[in-house]
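Structure record follows, encoded as structure tokens.
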Amino acid sequence: MTDARSLICKGCWQNLHMPVALRGVLSAPYRVVGLKPSRMNPNTCTFCELMFTKVMKATKITIDATILFADLRSYTSLSQSLSPQAMGELLDIFYDECASAIWRHDGILNKTIGDAVMAVFNFPIKQDDHARQALLAAREIQAQFAGRHEEIAALVGGADLPAGIGIGIDSGELSFGEFGRSHRDLTAIGTVVNTAARAQSAASAGQILVTGKVHQRAEADLPGSTAAPYQLKGFDQPIELYAA
Ligand SMILES: [Zn+2]
């Protein structure tokens with residue numbers, strides 16, 4: 001699969017009907033005013049990231065979105081036997097495969113947290129089927145990472161192989177915006193974010209676990225998937241999750 005880079009910002013085009021050039025000679029005037037490809041998704045721009053602050057004059061907005069967490073299993077235990085360089089290369093492979101799959105499905109890679117990533121779908125590029133797009137991205141992350149098995153085996157040498165990636169996805173209303181006063185952080189918060197993170201913790205290596213809301217929204221892509229109850233940390237009641 002290739003990473004097709006968009007010439008214009010998909011977010012500005014969709015939301016403002018403005019063709020903002022991201023690359024090539026036409027992008028020069030935009031760069032002069034400080035507008036460049038977003039690090040969270042290179043097919044969107046730095047203006048889109050904060051569009052709600054500029055256009056809506058709000059520091060946070062409530063949006064319907066899908067959150068995906070992916071975590072590289074065994075990373076901590078591998079750090080005891082691998083060189084810092086090999087650890088770095090392993091993390092690069094993980095981040096690269098996560099990023100390219102998330103971007104192919106028009107999500108943003110909002111955060112990297114050690115050996116985990118958090119992605120948001122339906123902002124700033126809006127998608128009617130954002131839950132489904134997140135699910136497809138998750139499957140691509142698993143497939144692409146598995147496809148680099150030999151490279152990873154060479155990297156870790158005699159060490160036990162990293163067991164793979166655990167992924168959790170939830171969908172629904174959440175708060176997106178700038179949080180924190182001393183350190184401003186553009187991110188999403190809310191129950192959906194916590195549930196996706198906990199579903200990721202519950203997933204075994206190579207597994208994708210999605211909530212009932214994701215199942216409902218992406219049912220056609222989850223034929224035969226049945227729910228099982230999971231007691232997730234921080235939740236009083238068991239939560240039904242579907243293996244995807
Ligand atoms: Zn833009």
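Numbering starts fresh at 1 for the residues of each chain in the structure tokens, the chains themselves are lettered A, B, ... in the order given, and ligands are numbered from 1 as they appear.
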Residues contacting ligand 1 - anything with an atom at most 10 Å away, using only C-alpha atoms and all ligand atoms - can you give me those as a VMD selection string?
chain A and resid 8 to 16 18 to 22 35 to 38 42 to 51 124 to 125
Write out as a VMD selection string the set of residues from segment 104-233 of chain A that DSSP, computed on the backbone, places in helix (DSSP H, G or I).
chain A and resid 104 130 to 147 149 to 156 191 to 202 212 to 217 219 to 221
Take the residues from that selection and write them out as a compact mmCIF listing (two decimals), in the first residue's frame, keeping N, CA and C atoms.
# COMPACT_ATOMS: atom_id res chain seq x y z
N ARG A 104 -4.36 6.81 5.94
CA ARG A 104 -5.08 6.29 4.76
C ARG A 104 -6.59 6.34 5.00
N HIS A 130 -17.05 7.05 10.33
CA HIS A 130 -15.76 7.11 11.03
C HIS A 130 -15.45 5.87 11.86
N ALA A 131 -16.50 5.24 12.43
CA ALA A 131 -16.25 4.03 13.23
C ALA A 131 -15.70 2.92 12.32
N ARG A 132 -16.30 2.80 11.14
CA ARG A 132 -15.84 1.80 10.19
C ARG A 132 -14.42 2.11 9.70
N GLN A 133 -14.14 3.38 9.45
CA GLN A 133 -12.79 3.75 8.99
C GLN A 133 -11.74 3.41 10.05
N ALA A 134 -12.09 3.61 11.31
CA ALA A 134 -11.16 3.27 12.40
C ALA A 134 -10.93 1.76 12.44
N LEU A 135 -12.00 1.01 12.26
CA LEU A 135 -11.88 -0.46 12.26
C LEU A 135 -10.98 -0.93 11.11
N LEU A 136 -11.18 -0.35 9.92
CA LEU A 136 -10.36 -0.74 8.77
C LEU A 136 -8.89 -0.36 9.01
N ALA A 137 -8.68 0.81 9.62
CA ALA A 137 -7.31 1.23 9.94
C ALA A 137 -6.68 0.25 10.92
N ALA A 138 -7.44 -0.18 11.92
CA ALA A 138 -6.93 -1.13 12.92
C ALA A 138 -6.51 -2.44 12.25
N ARG A 139 -7.33 -2.91 11.34
CA ARG A 139 -6.99 -4.16 10.64
C ARG A 139 -5.73 -3.98 9.80
N GLU A 140 -5.59 -2.81 9.19
CA GLU A 140 -4.38 -2.56 8.39
C GLU A 140 -3.13 -2.48 9.26
N ILE A 141 -3.28 -1.88 10.44
CA ILE A 141 -2.14 -1.81 11.37
C ILE A 141 -1.69 -3.24 11.70
N GLN A 142 -2.64 -4.10 12.03
CA GLN A 142 -2.30 -5.48 12.37
C GLN A 142 -1.64 -6.20 11.20
N ALA A 143 -2.22 -6.04 10.02
CA ALA A 143 -1.70 -6.75 8.84
C ALA A 143 -0.32 -6.23 8.45
N GLN A 144 -0.15 -4.91 8.45
CA GLN A 144 1.12 -4.31 8.03
C GLN A 144 2.24 -4.67 9.01
N PHE A 145 1.91 -4.65 10.29
CA PHE A 145 2.94 -4.98 11.30
C PHE A 145 3.33 -6.44 11.17
N ALA A 146 2.33 -7.29 10.99
CA ALA A 146 2.61 -8.72 10.82
C ALA A 146 3.46 -8.95 9.57
N GLY A 147 3.25 -8.14 8.54
CA GLY A 147 3.99 -8.26 7.28
C GLY A 147 5.46 -7.90 7.43
N HIS A 149 7.32 -8.96 9.88
CA HIS A 149 7.78 -9.95 10.86
C HIS A 149 9.28 -10.24 10.75
N GLU A 150 9.76 -10.47 9.51
CA GLU A 150 11.17 -10.85 9.34
C GLU A 150 12.12 -9.72 9.74
N GLU A 151 11.74 -8.52 9.35
CA GLU A 151 12.54 -7.34 9.69
C GLU A 151 12.62 -7.18 11.22
N ILE A 152 11.47 -7.40 11.87
CA ILE A 152 11.41 -7.27 13.32
C ILE A 152 12.22 -8.39 13.99
N ALA A 153 12.13 -9.59 13.44
CA ALA A 153 12.88 -10.73 13.99
C ALA A 153 14.38 -10.44 13.93
N ALA A 154 14.84 -9.85 12.80
CA ALA A 154 16.25 -9.53 12.66
C ALA A 154 16.66 -8.47 13.68
N LEU A 155 15.76 -7.56 13.93
CA LEU A 155 16.02 -6.44 14.84
C LEU A 155 16.17 -6.92 16.28
N VAL A 156 15.30 -7.81 16.70
CA VAL A 156 15.34 -8.24 18.10
C VAL A 156 16.30 -9.41 18.32
N THR A 191 -15.52 9.81 28.23
CA THR A 191 -15.70 8.38 28.48
C THR A 191 -15.27 7.54 27.27
N VAL A 192 -15.56 8.05 26.08
CA VAL A 192 -15.20 7.30 24.86
C VAL A 192 -13.68 7.06 24.81
N VAL A 193 -12.93 8.08 25.18
CA VAL A 193 -11.47 7.96 25.17
C VAL A 193 -11.01 6.93 26.20
N ASN A 194 -11.58 7.01 27.41
CA ASN A 194 -11.21 6.06 28.46
C ASN A 194 -11.59 4.64 28.09
N THR A 195 -12.77 4.48 27.51
CA THR A 195 -13.23 3.13 27.15
C THR A 195 -12.34 2.53 26.06
N ALA A 196 -11.98 3.34 25.08
CA ALA A 196 -11.10 2.84 24.00
C ALA A 196 -9.74 2.42 24.59
N ALA A 197 -9.23 3.21 25.52
CA ALA A 197 -7.94 2.89 26.15
C ALA A 197 -8.03 1.59 26.94
N ARG A 198 -9.14 1.42 27.67
CA ARG A 198 -9.31 0.19 28.47
C ARG A 198 -9.55 -1.03 27.57
N ALA A 199 -10.26 -0.84 26.49
CA ALA A 199 -10.48 -1.95 25.55
C ALA A 199 -9.14 -2.39 24.96
N GLN A 200 -8.30 -1.42 24.69
CA GLN A 200 -6.95 -1.73 24.19
C GLN A 200 -6.17 -2.55 25.21
N SER A 201 -6.27 -2.19 26.49
CA SER A 201 -5.55 -2.95 27.53
C SER A 201 -6.06 -4.39 27.60
N ALA A 202 -7.36 -4.56 27.33
CA ALA A 202 -7.95 -5.90 27.43
C ALA A 202 -7.63 -6.77 26.21
N GLY A 212 -19.73 -1.93 21.79
CA GLY A 212 -21.03 -2.14 21.16
C GLY A 212 -21.39 -1.02 20.19
N LYS A 213 -20.97 0.21 20.52
CA LYS A 213 -21.27 1.35 19.66
C LYS A 213 -20.54 1.23 18.32
N VAL A 214 -19.31 0.77 18.37
CA VAL A 214 -18.55 0.58 17.12
C VAL A 214 -19.16 -0.57 16.33
N HIS A 215 -19.53 -1.62 17.05
CA HIS A 215 -20.16 -2.78 16.39
C HIS A 215 -21.43 -2.36 15.67
N GLN A 216 -22.22 -1.56 16.34
CA GLN A 216 -23.48 -1.08 15.78
C GLN A 216 -23.24 -0.23 14.52
N ARG A 217 -22.19 0.58 14.56
CA ARG A 217 -21.92 1.50 13.46
C ARG A 217 -21.16 0.85 12.30
N GLU A 219 -21.40 -2.65 11.60
CA GLU A 219 -21.89 -4.03 11.67
C GLU A 219 -21.58 -4.84 10.40
N ALA A 220 -21.71 -4.19 9.24
CA ALA A 220 -21.50 -4.91 7.98
C ALA A 220 -20.07 -5.45 7.88
N ASP A 221 -19.14 -4.79 8.58
CA ASP A 221 -17.75 -5.24 8.53
C ASP A 221 -17.39 -6.17 9.69
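Using only C-alpha atoms, the nearest neighbour of Leu174 of chain A within the list A:Ile208, A:Leu222, A:Thr112, A:Asn122 is A:Asn122.
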Which residues come within 7 Å of segment 77-82 of chain A, counting only C-alpha atoms, excluding same-chain residues fewer than 4 positions away, as number ranges by chain?
A: 86-87, 156, 159
Could you write those residues out with N, CA, C and O atoms, as a CSV table (one decimal), in the first residue's frame?
chain,number,residue,atom,x,y,z
A,86,ALA,N,18.1,-0.6,18.8
A,86,ALA,CA,17.1,-1.6,18.3
A,86,ALA,C,15.7,-1.2,18.8
A,86,ALA,O,14.7,-1.4,18.1
A,87,MET,N,15.6,-0.8,20.1
A,87,MET,CA,14.3,-0.4,20.6
A,87,MET,C,13.7,0.8,19.8
A,87,MET,O,12.5,0.8,19.5
A,156,VAL,N,15.3,-7.8,16.7
A,156,VAL,CA,15.3,-8.2,18.1
A,156,VAL,C,16.3,-9.4,18.3
A,156,VAL,O,16.5,-9.8,19.5
A,159,ALA,N,16.3,-12.2,21.2
A,159,ALA,CA,15.3,-11.9,22.2
A,159,ALA,C,13.9,-12.5,21.8
A,159,ALA,O,13.6,-12.8,20.6
Selection: 9 Å around segment 175-178 of chain A, only C-alpha atoms, excl. self and same-chain fewer than 2 positions, as a ChimeraX atom specification:
/A:50,52-53,58-64,123,173,180-181,184-190
DSSP strand (DSSP E) residues within chain A, listed as a PDB file with C-alpha atoms, in the first residue's frame:
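Produced file result-v8.pdb, reproduced below:
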ATOM      1  CA  LYS A  60     -13.151  23.004  22.940  1.00  0.00           C
ATOM      2  CA  ILE A  61     -15.961  21.442  20.973  1.00  0.00           C
ATOM      3  CA  THR A  62     -18.210  18.430  21.456  1.00  0.00           C
ATOM      4  CA  ILE A  63     -17.977  16.082  18.497  1.00  0.00           C
ATOM      5  CA  ASP A  64     -19.122  12.634  17.525  1.00  0.00           C
ATOM      6  CA  ALA A  65     -15.900  10.782  16.831  1.00  0.00           C
ATOM      7  CA  THR A  66     -14.134   7.436  17.028  1.00  0.00           C
ATOM      8  CA  ILE A  67     -11.047   6.839  19.181  1.00  0.00           C
ATOM      9  CA  LEU A  68      -8.488   4.122  18.492  1.00  0.00           C
ATOM     10  CA  PHE A  69      -5.703   3.084  20.869  1.00  0.00           C
ATOM     11  CA  ALA A  70      -2.943   0.732  19.725  1.00  0.00           C
ATOM     12  CA  ASP A  71      -0.208  -0.593  21.982  1.00  0.00           C
ATOM     13  CA  LEU A  72       2.971  -2.492  21.156  1.00  0.00           C
ATOM     14  CA  ARG A  73       2.958  -5.493  23.469  1.00  0.00           C
ATOM     15  CA  ILE A 108      -5.321  11.934  12.951  1.00  0.00           C
ATOM     16  CA  LEU A 109      -2.540  10.399  14.991  1.00  0.00           C
ATOM     17  CA  ASN A 110      -3.241  12.595  17.992  1.00  0.00           C
ATOM     18  CA  LYS A 111      -0.657  11.249  20.428  1.00  0.00           C
ATOM     19  CA  THR A 112       2.161   8.824  20.854  1.00  0.00           C
ATOM     20  CA  ILE A 113       2.451   7.739  24.480  1.00  0.00           C
ATOM     21  CA  ALA A 116       1.026   3.319  22.467  1.00  0.00           C
ATOM     22  CA  VAL A 117      -0.716   5.596  19.974  1.00  0.00           C
ATOM     23  CA  MET A 118      -4.064   7.372  20.129  1.00  0.00           C
ATOM     24  CA  ALA A 119      -5.958   8.224  16.944  1.00  0.00           C
ATOM     25  CA  VAL A 120      -9.094  10.302  16.354  1.00  0.00           C
ATOM     26  CA  PHE A 121     -11.443   9.783  13.409  1.00  0.00           C
ATOM     27  CA  GLY A 164       2.232  -7.960  18.503  1.00  0.00           C
ATOM     28  CA  ILE A 165      -0.203  -5.098  18.825  1.00  0.00           C
ATOM     29  CA  GLY A 166      -3.336  -4.790  20.986  1.00  0.00           C
ATOM     30  CA  ILE A 167      -6.011  -2.389  19.713  1.00  0.00           C
ATOM     31  CA  GLY A 168      -9.176  -0.939  21.296  1.00  0.00           C
ATOM     32  CA  ILE A 169     -11.826   1.249  19.630  1.00  0.00           C
ATOM     33  CA  ASP A 170     -14.845   3.189  20.934  1.00  0.00           C
ATOM     34  CA  SER A 171     -17.128   5.685  19.242  1.00  0.00           C
ATOM     35  CA  GLY A 172     -19.461   8.448  20.404  1.00  0.00           C
ATOM     36  CA  GLU A 173     -19.597  12.004  21.702  1.00  0.00           C
ATOM     37  CA  LEU A 174     -16.471  13.435  23.252  1.00  0.00           C
ATOM     38  CA  SER A 175     -14.825  16.733  23.963  1.00  0.00           C
ATOM     39  CA  PHE A 176     -12.042  17.823  21.608  1.00  0.00           C
ATOM     40  CA  GLY A 177      -9.919  20.870  22.086  1.00  0.00           C
ATOM     41  CA  GLU A 178      -7.102  22.509  23.956  1.00  0.00           C
ATOM     42  CA  PHE A 179      -6.729  21.338  27.503  1.00  0.00           C
ATOM     43  CA  ASP A 185      -2.452  20.079  24.598  1.00  0.00           C
ATOM     44  CA  LEU A 186      -4.764  19.513  21.654  1.00  0.00           C
ATOM     45  CA  THR A 187      -6.592  16.279  22.363  1.00  0.00           C
ATOM     46  CA  ALA A 188      -9.850  14.477  23.082  1.00  0.00           C
ATOM     47  CA  ILE A 189     -11.245  13.670  26.511  1.00  0.00           C
ATOM     48  CA  ILE A 208      -8.779  -5.735  18.011  1.00  0.00           C
ATOM     49  CA  LEU A 209     -11.560  -5.192  20.578  1.00  0.00           C
ATOM     50  CA  VAL A 210     -14.406  -2.793  19.790  1.00  0.00           C
ATOM     51  CA  THR A 211     -17.350  -1.558  21.872  1.00  0.00           C
ATOM     52  CA  ALA A 227     -19.784  -9.874  22.371  1.00  0.00           C
ATOM     53  CA  ALA A 228     -18.109 -11.048  25.556  1.00  0.00           C
ATOM     54  CA  PRO A 229     -18.161  -9.231  28.913  1.00  0.00           C
ATOM     55  CA  TYR A 230     -14.910  -7.644  30.080  1.00  0.00           C
ATOM     56  CA  ILE A 239     -18.435  -3.909  29.337  1.00  0.00           C
ATOM     57  CA  GLU A 240     -19.388  -5.923  26.269  1.00  0.00           C
ATOM     58  CA  LEU A 241     -16.601  -5.963  23.701  1.00  0.00           C
ATOM     59  CA  TYR A 242     -16.513  -7.520  20.254  1.00  0.00           C
ATOM     60  CA  ALA A 243     -13.420  -9.134  18.775  1.00  0.00           C
TER      61      ALA A 243
END
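One distance worth recording is that between atom CA of His183 of chain A and atom CA of Tyr95 of chain A, which is 23.9 Å.
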